[in-house]
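*Asks:* Coordinates in query-v6.cif, mmCIF, C-alpha atoms, are listed below.
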data_input
#
loop_
_atom_site.label_atom_id
_atom_site.label_comp_id
_atom_site.auth_asym_id
_atom_site.auth_seq_id
_atom_site.Cartn_x
_atom_site.Cartn_y
_atom_site.Cartn_z
CA MET A 1 160.88 117.22 89.90
CA ALA A 2 160.58 113.44 90.10
CA ASN A 3 157.65 113.86 92.48
CA LEU A 4 155.89 116.18 90.05
CA GLU A 5 156.44 113.75 87.20
CA ARG A 6 154.93 110.89 89.21
CA MET A 7 151.84 112.97 90.01
CA ILE A 8 151.48 114.00 86.37
CA ARG A 9 151.81 110.42 85.15
CA ARG A 10 149.18 109.25 87.64
CA GLU A 11 146.79 111.98 86.54
CA LEU A 12 147.29 111.16 82.85
CA ILE A 13 146.93 107.41 83.48
CA GLU A 14 143.65 107.86 85.35
CA GLU A 15 142.34 110.15 82.63
CA ARG A 16 143.34 107.78 79.82
CA ALA A 17 141.94 104.76 81.68
CA GLU A 18 138.55 106.48 81.89
CA GLU A 19 138.70 107.32 78.18
CA ASN A 20 139.59 103.72 77.33
CA TYR A 21 136.78 102.37 79.51
CA ASN A 22 134.20 104.72 78.01
CA LEU A 23 135.33 103.65 74.56
CA ALA A 24 135.08 99.96 75.48
CA ILE A 25 131.49 100.28 76.72
CA SER A 26 130.30 102.46 73.84
CA PRO A 27 127.62 100.78 71.67
CA GLU A 28 129.56 101.38 68.43
CA TYR A 29 132.76 99.80 69.74
CA ARG A 30 130.98 96.82 71.28
CA GLU A 31 129.00 96.19 68.10
CA THR A 32 132.19 96.20 66.02
CA LEU A 33 133.81 93.71 68.40
CA ARG A 34 130.67 91.61 68.56
CA GLN A 35 130.85 91.06 64.81
CA MET A 36 134.55 90.23 65.00
CA ILE A 37 134.04 87.76 67.86
CA ASP A 38 131.16 86.01 66.11
CA GLU A 39 133.44 85.40 63.13
CA ILE A 40 136.21 84.02 65.34
CA THR A 41 134.11 81.84 67.66
CA GLU A 42 131.69 80.76 64.91
CA SER A 43 128.83 81.25 67.40
CA ASP A 44 130.19 78.70 69.89
CA SER A 45 128.01 79.71 72.85
CA ALA A 46 130.21 78.13 75.55
CA LEU A 47 133.37 79.75 74.21
CA ASP A 48 131.51 82.98 73.64
CA GLU A 49 130.43 83.04 77.29
CA GLU A 50 133.99 82.43 78.50
CA ILE A 51 135.39 85.19 76.30
CA ASN A 52 132.75 87.61 77.55
CA SER A 53 133.65 86.74 81.14
CA LYS A 54 137.42 87.09 80.62
CA LEU A 55 137.47 90.13 78.37
CA PHE A 56 134.16 91.96 78.38
CA SER A 57 132.76 91.86 81.90
CA LEU A 58 132.82 95.33 83.48
CA PRO A 59 135.67 94.41 85.89
CA ALA A 60 137.70 93.02 82.98
CA LEU A 61 137.05 96.16 80.92
CA ARG A 62 138.16 98.34 83.83
CA GLU A 63 141.34 96.32 84.31
CA ASN A 64 142.21 96.31 80.61
CA ALA A 65 141.50 100.04 80.32
CA LEU A 66 143.92 100.74 83.17
CA LYS A 67 146.64 98.46 81.82
CA SER A 68 146.43 100.10 78.41
CA ALA A 69 146.67 103.56 80.00
CA GLU A 70 149.67 102.55 82.07
CA GLY A 71 151.34 101.24 78.93
CA ALA A 72 151.08 104.69 77.36
CA PHE A 73 152.39 106.72 80.30
CA TYR A 74 154.87 104.63 82.26
CA SER A 75 158.42 105.86 81.78
CA ARG A 76 160.83 104.34 79.29
CA ALA A 77 163.06 103.17 82.15
CA GLU A 78 160.20 101.51 84.06
CA THR A 79 158.87 99.81 80.96
CA GLY A 80 162.32 98.70 79.82
CA TYR A 81 162.96 97.14 83.23
CA THR A 82 159.60 95.33 83.10
CA MET A 83 160.31 94.02 79.60
CA GLU A 84 163.73 92.78 80.65
CA SER A 85 162.17 91.03 83.65
CA VAL A 86 159.63 89.36 81.35
CA ARG A 87 162.39 88.09 79.09
CA GLU A 88 164.39 86.81 82.06
CA SER A 89 161.35 84.91 83.34
CA LEU A 90 160.91 83.27 79.92
CA LYS A 91 164.47 81.99 79.57
CA GLY A 92 164.36 78.24 79.21
CA ILE A 93 160.74 78.41 78.05
CA LEU A 94 161.19 80.27 74.76
CA ASP A 95 163.76 79.47 72.11
CA ASP A 96 166.35 81.97 70.87
CA GLU A 97 164.25 83.00 67.88
CA ASP A 98 161.25 83.84 70.06
CA MET A 99 163.42 85.80 72.47
CA ALA A 100 164.94 87.77 69.58
CA GLN A 101 161.47 88.56 68.19
CA LEU A 102 160.33 89.79 71.58
CA LYS A 103 163.39 92.02 72.00
CA ASP A 104 162.93 93.44 68.50
CA ALA A 105 159.30 94.29 69.33
CA GLU A 106 160.40 96.28 72.37
CA ALA A 107 162.51 98.86 70.52
CA PRO A 108 159.82 100.96 68.73
CA TYR A 109 157.64 100.99 71.84
CA LEU A 110 160.52 102.13 74.07
CA SER A 111 161.50 104.79 71.54
CA SER A 112 158.01 106.31 71.69
CA LEU A 113 158.06 106.18 75.48
CA GLY A 114 161.31 108.13 75.41
CA LEU A 115 159.42 110.93 73.66
CA MET A 116 156.58 110.60 76.17
CA ASP A 117 159.18 111.09 78.94
CA LYS A 118 160.09 114.44 77.34
CA TYR A 119 156.42 115.42 77.23
CA ILE A 120 155.99 114.56 80.92
CA ALA A 121 159.16 116.52 81.74
CA GLY A 122 157.73 119.52 79.88
CA LEU A 123 154.54 119.35 81.94
CA ALA A 124 156.64 119.02 85.11
CA ASP A 125 158.56 122.19 84.18
CA ALA A 126 155.24 123.97 83.71
CA ALA A 127 153.98 122.62 87.05
CA LYS A 128 157.09 123.87 88.81
CA ALA A 129 156.56 127.33 87.34
CA LYS A 130 152.80 127.74 87.74
CA GLY A 131 151.41 124.81 89.74
CA LEU A 132 150.13 121.34 88.90
CA GLU A 133 146.56 122.29 88.04
CA ALA A 134 147.65 124.96 85.58
CA ALA A 135 150.26 122.66 84.03
CA LEU A 136 147.60 120.02 83.37
CA SER A 137 145.21 122.44 81.69
CA GLN A 138 144.44 121.71 78.05
CA GLU A 139 146.20 124.92 77.01
CA SER A 140 149.40 123.94 78.83
CA ARG A 141 149.38 120.39 77.45
CA ASP A 142 148.88 121.64 73.90
CA ASP A 143 151.69 124.17 74.32
CA VAL A 144 154.14 121.45 75.39
CA TYR A 145 153.13 119.31 72.40
CA ARG A 146 153.66 122.23 70.01
CA GLN A 147 157.13 122.79 71.44
CA MET A 148 157.99 119.12 70.94
CA PHE A 149 156.27 118.60 67.60
CA PRO A 150 156.17 121.75 65.45
CA THR A 151 153.70 120.26 62.95
CA ALA A 152 150.45 118.32 63.19
CA GLY A 153 152.00 115.54 61.13
CA GLU A 154 154.79 115.03 63.67
CA TYR A 155 152.28 115.00 66.53
CA ILE A 156 150.07 112.44 64.80
CA ALA A 157 153.06 110.29 63.88
CA PHE A 158 154.18 110.23 67.52
CA HIS A 159 150.81 109.07 68.85
CA LYS A 160 150.31 106.55 66.06
CA GLY A 161 153.81 105.21 66.69
CA LEU A 162 153.16 104.87 70.41
CA ASN A 163 149.86 103.05 69.91
CA GLU A 164 151.34 100.83 67.21
CA GLY A 165 154.31 100.04 69.46
CA ILE A 166 152.07 98.99 72.34
CA TYR A 167 149.99 96.84 69.99
CA GLN A 168 152.94 95.15 68.30
CA TYR A 169 154.72 94.37 71.56
CA ALA A 170 151.59 92.93 73.20
CA SER A 171 150.81 90.95 70.06
CA CYS A 172 154.35 89.54 69.88
CA LEU A 173 154.33 88.60 73.57
CA LEU A 174 151.00 86.85 73.17
CA SER A 175 152.25 84.98 70.10
CA VAL A 176 155.37 83.60 71.75
CA LEU A 177 153.49 82.64 74.91
CA GLN A 178 150.75 80.81 73.05
CA LYS A 179 152.91 78.63 70.84
CA GLY A 180 151.60 75.11 71.21
CA ASP A 181 148.71 76.13 73.45
CA ALA A 182 145.20 74.77 73.14
CA ASP A 183 142.91 76.00 70.38
CA GLU A 184 140.74 77.71 72.96
CA MET A 185 143.64 79.91 74.05
CA SER A 186 144.40 80.65 70.41
CA VAL A 187 140.82 81.87 69.95
CA ILE A 188 141.03 84.07 73.04
CA GLY A 189 144.32 85.40 71.72
CA LYS A 190 142.67 86.29 68.41
CA VAL A 191 139.88 88.12 70.23
CA PHE A 192 142.42 89.99 72.36
CA ARG A 193 144.25 91.11 69.22
CA LYS A 194 141.00 92.31 67.67
CA CYS A 195 140.23 94.33 70.80
CA ALA A 196 143.74 95.79 70.85
CA GLU A 197 143.57 96.63 67.15
CA ALA A 198 140.20 98.36 67.52
CA THR A 199 141.55 100.40 70.44
CA LYS A 200 144.70 101.29 68.51
CA ASN A 201 142.62 102.54 65.57
CA ALA A 202 140.35 104.55 67.86
CA ARG A 203 143.37 106.20 69.52
CA ALA A 204 144.85 107.02 66.09
CA ALA A 205 141.58 108.69 65.07
CA LYS A 206 141.57 110.70 68.30
CA ALA A 207 145.14 111.87 67.68
CA GLU A 208 144.04 113.28 64.32
CA GLN A 209 141.09 115.05 65.95
CA ASP A 210 143.29 116.47 68.71
CA ALA A 211 145.80 117.70 66.13
CA GLU A 212 143.07 119.88 64.62
CA ARG A 213 142.65 121.60 67.98
CA ILE A 214 146.35 121.87 68.82
CA TYR A 215 147.56 123.09 65.42
CA GLY A 216 144.42 124.79 64.10
CA GLY A 217 144.37 122.75 60.92
CA LYS A 218 147.96 123.70 60.03
#
Is it possible to give me this structure as C-alpha coordinates?

*Replies:*
Amino acid sequence: MANLERMIRRELIEERAEENYNLAISPEYRETLRQMIDEITESDSALDEEINSKLFSLPALRENALKSAEGAFYSRAETGYTMESVRESLKGILDDEDMAQLKDAEAPYLSSLGLMDKYIAGLADAAKAKGLEAALSQESRDDVYRQMFPTAGEYIAFHKGLNEGIYQYASCLLSVLQKGDADEMSVIGKVFRKCAEATKNARAAKAEQDAERIYGGK
(Lines of atoms letter the chains of each structure in order from A and count residues from 1; the text may use other names and numbers.)
(Lines give C-alpha, C1' and ligand atoms only; values in the text may rest on other atoms or scores of the structure.)
Protein backbone atom coordinates (compact mmCIF):
# COMPACT_ATOMS: atom_id res chain seq x y z
CA MET A 1 0.00 0.00 0.00
CA ALA A 2 2.82 2.41 0.83
CA ASN A 3 4.26 1.83 -2.64
CA LEU A 4 0.93 2.66 -4.26
CA GLU A 5 0.61 5.83 -2.20
CA ARG A 6 4.08 6.97 -3.27
CA MET A 7 3.23 6.43 -6.93
CA ILE A 8 -0.07 8.27 -6.54
CA ARG A 9 1.60 11.21 -4.80
CA ARG A 10 4.22 11.45 -7.53
CA GLU A 11 1.56 11.42 -10.23
CA LEU A 12 -0.48 14.11 -8.47
CA ILE A 13 2.62 16.25 -7.83
CA GLU A 14 3.68 16.13 -11.48
CA GLU A 15 0.15 16.97 -12.60
CA ARG A 16 -0.18 19.88 -10.16
CA ALA A 17 3.30 21.20 -11.03
CA GLU A 18 2.29 21.38 -14.70
CA GLU A 19 -0.94 23.18 -13.76
CA ASN A 20 1.00 25.66 -11.61
CA TYR A 21 3.54 26.28 -14.37
CA ASN A 22 0.86 26.83 -17.01
CA LEU A 23 -0.85 29.27 -14.67
CA ALA A 24 2.42 31.13 -14.03
CA ILE A 25 3.13 31.63 -17.74
CA SER A 26 -0.43 32.60 -18.67
CA PRO A 27 -0.74 36.20 -19.96
CA GLU A 28 -3.48 37.10 -17.46
CA TYR A 29 -1.49 35.92 -14.45
CA ARG A 30 1.73 37.57 -15.59
CA GLU A 31 -0.04 40.86 -16.28
CA THR A 32 -1.57 40.86 -12.80
CA LEU A 33 1.85 40.22 -11.24
CA ARG A 34 3.49 42.78 -13.50
CA GLN A 35 1.22 45.48 -12.10
CA MET A 36 1.89 44.34 -8.53
CA ILE A 37 5.66 44.28 -9.06
CA ASP A 38 5.71 47.74 -10.64
CA GLU A 39 4.00 49.10 -7.53
CA ILE A 40 6.49 47.39 -5.22
CA THR A 41 9.70 48.16 -7.12
CA GLU A 42 8.57 51.63 -8.21
CA SER A 43 10.02 50.91 -11.66
CA ASP A 44 13.56 50.36 -10.36
CA SER A 45 14.99 48.71 -13.49
CA ALA A 46 17.98 47.05 -11.78
CA LEU A 47 15.83 45.56 -9.02
CA ASP A 48 13.17 44.64 -11.54
CA GLU A 49 15.73 42.70 -13.57
CA GLU A 50 16.96 40.82 -10.50
CA ILE A 51 13.43 39.90 -9.45
CA ASN A 52 12.65 38.64 -12.94
CA SER A 53 15.79 36.50 -12.89
CA LYS A 54 15.11 35.04 -9.42
CA LEU A 55 11.37 34.53 -9.67
CA PHE A 56 10.14 34.74 -13.24
CA SER A 57 12.72 33.11 -15.48
CA LEU A 58 11.39 29.86 -16.95
CA PRO A 59 13.69 27.70 -14.76
CA ALA A 60 12.58 29.61 -11.66
CA LEU A 61 8.92 29.21 -12.62
CA ARG A 62 9.42 25.47 -13.12
CA GLU A 63 11.13 25.12 -9.74
CA ASN A 64 8.51 27.16 -7.89
CA ALA A 65 5.68 25.26 -9.60
CA LEU A 66 7.16 21.96 -8.44
CA LYS A 67 7.77 23.16 -4.87
CA SER A 68 4.21 24.40 -4.60
CA ALA A 69 2.88 21.07 -5.89
CA GLU A 70 5.01 19.11 -3.45
CA GLY A 71 3.69 21.28 -0.64
CA ALA A 72 0.14 20.21 -1.49
CA PHE A 73 0.77 16.47 -1.75
CA TYR A 74 3.59 15.49 0.58
CA SER A 75 2.32 13.54 3.56
CA ARG A 76 1.60 15.11 6.93
CA ALA A 77 4.41 13.07 8.49
CA GLU A 78 6.98 14.09 5.86
CA THR A 79 6.01 17.73 6.06
CA GLY A 80 5.94 17.73 9.86
CA TYR A 81 9.43 16.25 9.94
CA THR A 82 10.68 18.89 7.49
CA MET A 83 9.12 21.69 9.53
CA GLU A 84 10.68 20.38 12.72
CA SER A 85 14.07 20.22 10.98
CA VAL A 86 13.66 23.83 9.84
CA ARG A 87 12.92 24.95 13.38
CA GLU A 88 15.89 22.99 14.74
CA SER A 89 18.18 24.66 12.21
CA LEU A 90 16.93 28.10 13.27
CA LYS A 91 17.53 27.65 17.00
CA GLY A 92 19.92 30.32 18.15
CA ILE A 93 19.05 32.48 15.15
CA LEU A 94 15.40 33.23 15.93
CA ASP A 95 14.04 34.38 19.26
CA ASP A 96 11.36 32.50 21.20
CA GLU A 97 8.55 34.66 19.84
CA ASP A 98 9.55 33.97 16.23
CA MET A 99 9.84 30.25 16.91
CA ALA A 100 6.38 30.23 18.51
CA GLN A 101 4.88 32.07 15.51
CA LEU A 102 6.43 29.58 13.14
CA LYS A 103 5.11 26.60 15.10
CA ASP A 104 1.63 28.15 15.25
CA ALA A 105 1.68 28.60 11.46
CA GLU A 106 2.41 24.90 10.98
CA ALA A 107 -0.76 23.57 12.63
CA PRO A 108 -3.47 24.51 10.06
CA TYR A 109 -1.25 23.39 7.19
CA LEU A 110 -0.53 20.02 8.81
CA SER A 111 -4.21 19.55 9.61
CA SER A 112 -5.13 19.94 5.93
CA LEU A 113 -2.35 17.56 4.93
CA GLY A 114 -3.83 14.99 7.31
CA LEU A 115 -7.02 15.13 5.24
CA MET A 116 -4.96 14.90 2.04
CA ASP A 117 -3.39 11.72 3.46
CA LYS A 118 -6.91 10.24 3.72
CA TYR A 119 -7.62 11.21 0.11
CA ILE A 120 -4.39 9.55 -1.06
CA ALA A 121 -5.25 6.45 0.98
CA GLY A 122 -8.66 6.34 -0.71
CA LEU A 123 -7.04 6.44 -4.14
CA ALA A 124 -4.59 3.73 -3.04
CA ASP A 125 -7.52 1.51 -2.00
CA ALA A 126 -9.05 2.06 -5.43
CA ALA A 127 -5.72 1.29 -7.11
CA LYS A 128 -5.41 -1.94 -5.17
CA ALA A 129 -8.89 -2.98 -6.30
CA LYS A 130 -8.83 -1.92 -9.94
CA GLY A 131 -5.33 -0.77 -10.89
CA LEU A 132 -3.44 2.52 -10.74
CA GLU A 133 -4.66 3.97 -14.03
CA ALA A 134 -8.32 3.40 -13.15
CA ALA A 135 -7.83 4.78 -9.64
CA LEU A 136 -6.38 8.00 -11.05
CA SER A 137 -9.24 8.54 -13.49
CA GLN A 138 -11.29 11.69 -12.92
CA GLU A 139 -14.32 9.57 -12.01
CA SER A 140 -12.39 7.68 -9.33
CA ARG A 141 -10.87 10.85 -7.86
CA ASP A 142 -14.24 12.56 -7.69
CA ASP A 143 -15.78 9.50 -6.03
CA VAL A 144 -13.15 9.52 -3.28
CA TYR A 145 -13.73 13.23 -2.69
CA ARG A 146 -17.49 12.69 -2.42
CA GLN A 147 -16.93 9.97 0.15
CA MET A 148 -14.70 12.27 2.21
CA PHE A 149 -16.68 15.48 1.76
CA PRO A 150 -20.42 14.90 1.31
CA THR A 151 -21.10 18.50 0.23
CA ALA A 152 -19.50 20.94 -2.19
CA GLY A 153 -19.02 23.40 0.66
CA GLU A 154 -16.91 20.92 2.62
CA TYR A 155 -14.82 20.13 -0.46
CA ILE A 156 -14.20 23.81 -1.20
CA ALA A 157 -13.38 24.53 2.45
CA PHE A 158 -10.79 21.74 2.44
CA HIS A 159 -8.96 23.03 -0.64
CA LYS A 160 -9.15 26.65 0.47
CA GLY A 161 -7.82 25.64 3.88
CA LEU A 162 -4.93 23.71 2.34
CA ASN A 163 -3.95 26.58 0.04
CA GLU A 164 -4.31 29.12 2.83
CA GLY A 165 -2.22 26.93 5.13
CA ILE A 166 0.60 26.68 2.60
CA TYR A 167 0.50 30.43 2.04
CA GLN A 168 0.45 31.38 5.72
CA TYR A 169 3.28 29.01 6.64
CA ALA A 170 5.50 30.19 3.77
CA SER A 171 4.70 33.81 4.56
CA CYS A 172 5.51 33.34 8.26
CA LEU A 173 8.78 31.56 7.48
CA LEU A 174 9.79 34.32 5.10
CA SER A 175 8.92 36.99 7.69
CA VAL A 176 11.01 35.50 10.48
CA LEU A 177 13.95 34.84 8.16
CA GLN A 178 13.98 38.36 6.77
CA LYS A 179 13.92 40.28 10.03
CA GLY A 180 16.68 42.83 9.81
CA ASP A 181 17.60 41.94 6.23
CA ALA A 182 18.40 44.47 3.55
CA ASP A 183 15.62 46.44 1.88
CA GLU A 184 16.27 44.58 -1.35
CA MET A 185 15.43 41.26 0.30
CA SER A 186 12.32 42.82 1.80
CA VAL A 187 11.20 43.85 -1.69
CA ILE A 188 11.82 40.35 -3.06
CA GLY A 189 9.89 38.98 -0.11
CA LYS A 190 6.95 41.25 -0.93
CA VAL A 191 6.99 40.07 -4.54
CA PHE A 192 7.13 36.44 -3.41
CA ARG A 193 4.09 36.99 -1.21
CA LYS A 194 2.20 38.59 -4.08
CA CYS A 195 3.00 35.59 -6.29
CA ALA A 196 1.95 33.16 -3.57
CA GLU A 197 -1.26 35.09 -2.92
CA ALA A 198 -2.17 35.16 -6.61
CA THR A 199 -1.56 31.40 -6.84
CA LYS A 200 -3.61 30.77 -3.71
CA ASN A 201 -6.54 32.75 -5.14
CA ALA A 202 -6.31 30.93 -8.48
CA ARG A 203 -6.34 27.54 -6.71
CA ALA A 204 -9.37 28.62 -4.64
CA ALA A 205 -11.22 29.58 -7.83
CA LYS A 206 -10.36 26.21 -9.38
CA ALA A 207 -11.68 24.38 -6.31
CA GLU A 208 -15.04 26.10 -6.79
CA GLN A 209 -15.09 25.16 -10.48
CA ASP A 210 -14.18 21.55 -9.70
CA ALA A 211 -16.91 21.39 -7.06
CA GLU A 212 -19.47 22.11 -9.77
CA ARG A 213 -18.30 19.01 -11.64
CA ILE A 214 -17.96 16.75 -8.60
CA TYR A 215 -21.24 17.67 -6.91
CA GLY A 216 -23.33 18.75 -9.91
CA GLY A 217 -24.14 22.13 -8.42
CA LYS A 218 -25.50 20.60 -5.20

*Asks:* What's around A:Lys103 at 12 Å? Count all atoms listed in the file, leave out sequence neighbours fewer than 6 positions away in its own chain, and write the answer as a list in words.

*Replies:*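 Selected residues are Gly80, Met83, Glu84, Ser85, Val86, Arg87, Glu88, Asp96, Glu97, Tyr109, Leu110, Gln168, Tyr169, Ala170, Cys172, Leu173 and Val176 of chain A.
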
*Asks:* I'd like the neighbourhood of stretch 120-130 of chain A as a CSV table (one decimal) with C-alpha atoms, in the coordinates of the input, where a residue qualifies if any of its atoms comes within 7 Å (using all atoms listed in the file), though same-chain residues fewer than 4 positions away should be ignored.

*Replies:*
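Produced file part_33.csv, reproduced below:
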chain,number,residue,atom,x,y,z
A,1,MET,CA,160.9,117.2,89.9
A,4,LEU,CA,155.9,116.2,90.0
A,5,GLU,CA,156.4,113.8,87.2
A,116,MET,CA,156.6,110.6,76.2
A,134,ALA,CA,147.6,125.0,85.6
A,135,ALA,CA,150.3,122.7,84.0
A,141,ARG,CA,149.4,120.4,77.4
A,144,VAL,CA,154.1,121.4,75.4

*Asks:* At a cut-off of 8 Å, can you tabulate as a tab-separated table every residue of stretch 44-145 of chain A near stretch 150-161 of chain A together with its closest atom pair and the distance in Å to one decimal, using all atoms listed in the file and ordering rows by chain then number?

*Replies:*
residue	atom	partner	partner_atom	distance
A:Pro108	CA	A:Gly161	CA	7.6
A:Tyr109	CA	A:Gly161	CA	7.7
A:Ser112	CA	A:Gly161	CA	6.6
A:Tyr145	CA	A:Tyr155	CA	7.3

*Asks:* Could you check the closest approach to A:Gly216 for each of A:Leu33, A:Asn3, A:Asp142, A:Thr82 and tell me which residue wins, using all atoms listed in the file?

*Replies:*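 The closest residue to A:Gly216 is A:Asp142.
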
*Asks:* Mind running stretch 64-170 of chain A against stretch 17-29 of chain A at 6 Å and telling me each contacting residue's nearest atom pair with the distance in Å (one decimal), counting all atoms listed in the file, chain and number ascending, as a Markdown table?

*Replies:*
| residue | atom | partner | partner_atom | distance |
| --- | --- | --- | --- | --- |
| A:Ala65 | CA | A:Ala17 | CA | 4.9 |
| A:Leu66 | CA | A:Ala17 | CA | 4.7 |
| A:Ala69 | CA | A:Ala17 | CA | 5.2 |

*Asks:* Rank nothing, just name the residue among A:Ala60, A:Ala196, A:Ile51, A:Leu132 nearest to A:Asp38, using all atoms listed in the file.

*Replies:*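 That would be A:Ile51, the residue with the smallest distance to A:Asp38.
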
*Asks:* Measuring atom to atom with all atoms listed in the file, identify which of A:Gln178, A:Asn201, A:Ser68, A:Asn163 is nearest to A:Glu14.

*Replies:*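 Using all atoms listed in the file, the shortest distance to A:Glu14 belongs to A:Ser68.
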
*Asks:* State, in Å with one decimal place, the distance from atom CA of A:Asp210 to atom CA of A:Ser140.

*Replies:*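 Computing the Euclidean distance for atom CA of A:Asp210 and atom CA of A:Ser140 yields 14.0 Å.
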
*Asks:* Please compute the atom CA of A:Ser75-atom CA of A:Leu113 distance, one decimal, in Å.

*Replies:* 6.3 Å

*Asks:* When you draw a straight line from atom CA of A:Lys54 to atom CA of A:Val187, how long is it in Å?

*Replies:*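 One can read the atom CA of A:Lys54 to atom CA of A:Val187 distance as 12.4 Å.
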
*Asks:* Using all atoms listed in the file, which residue out of A:Ile40, A:Ile214, A:Met7, A:Ile166 lies closest to A:Thr199?

*Replies:*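 Closest to A:Thr199 of all the choices is A:Ile166.
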
*Asks:* Around all the atoms of stretch 202-217 of chain A listed in the file, with 3 Å of room on each side, what axis-aligned box do you get, giving centre and edge lengths in Å to one decimal, as lines of an AutoDock Vina configuration file?

*Replies:*
center_x = 144.0
center_y = 114.7
center_z = 65.2
size_x = 13.2
size_y = 26.2
size_z = 14.6

*Asks:* So which one's closest to A:Arg10, A:Tyr119, A:Phe149, A:Phe56, A:Tyr74? Using all atoms listed in the file, please.

*Replies:*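 Smallest distance to A:Arg10 is found for A:Tyr74.
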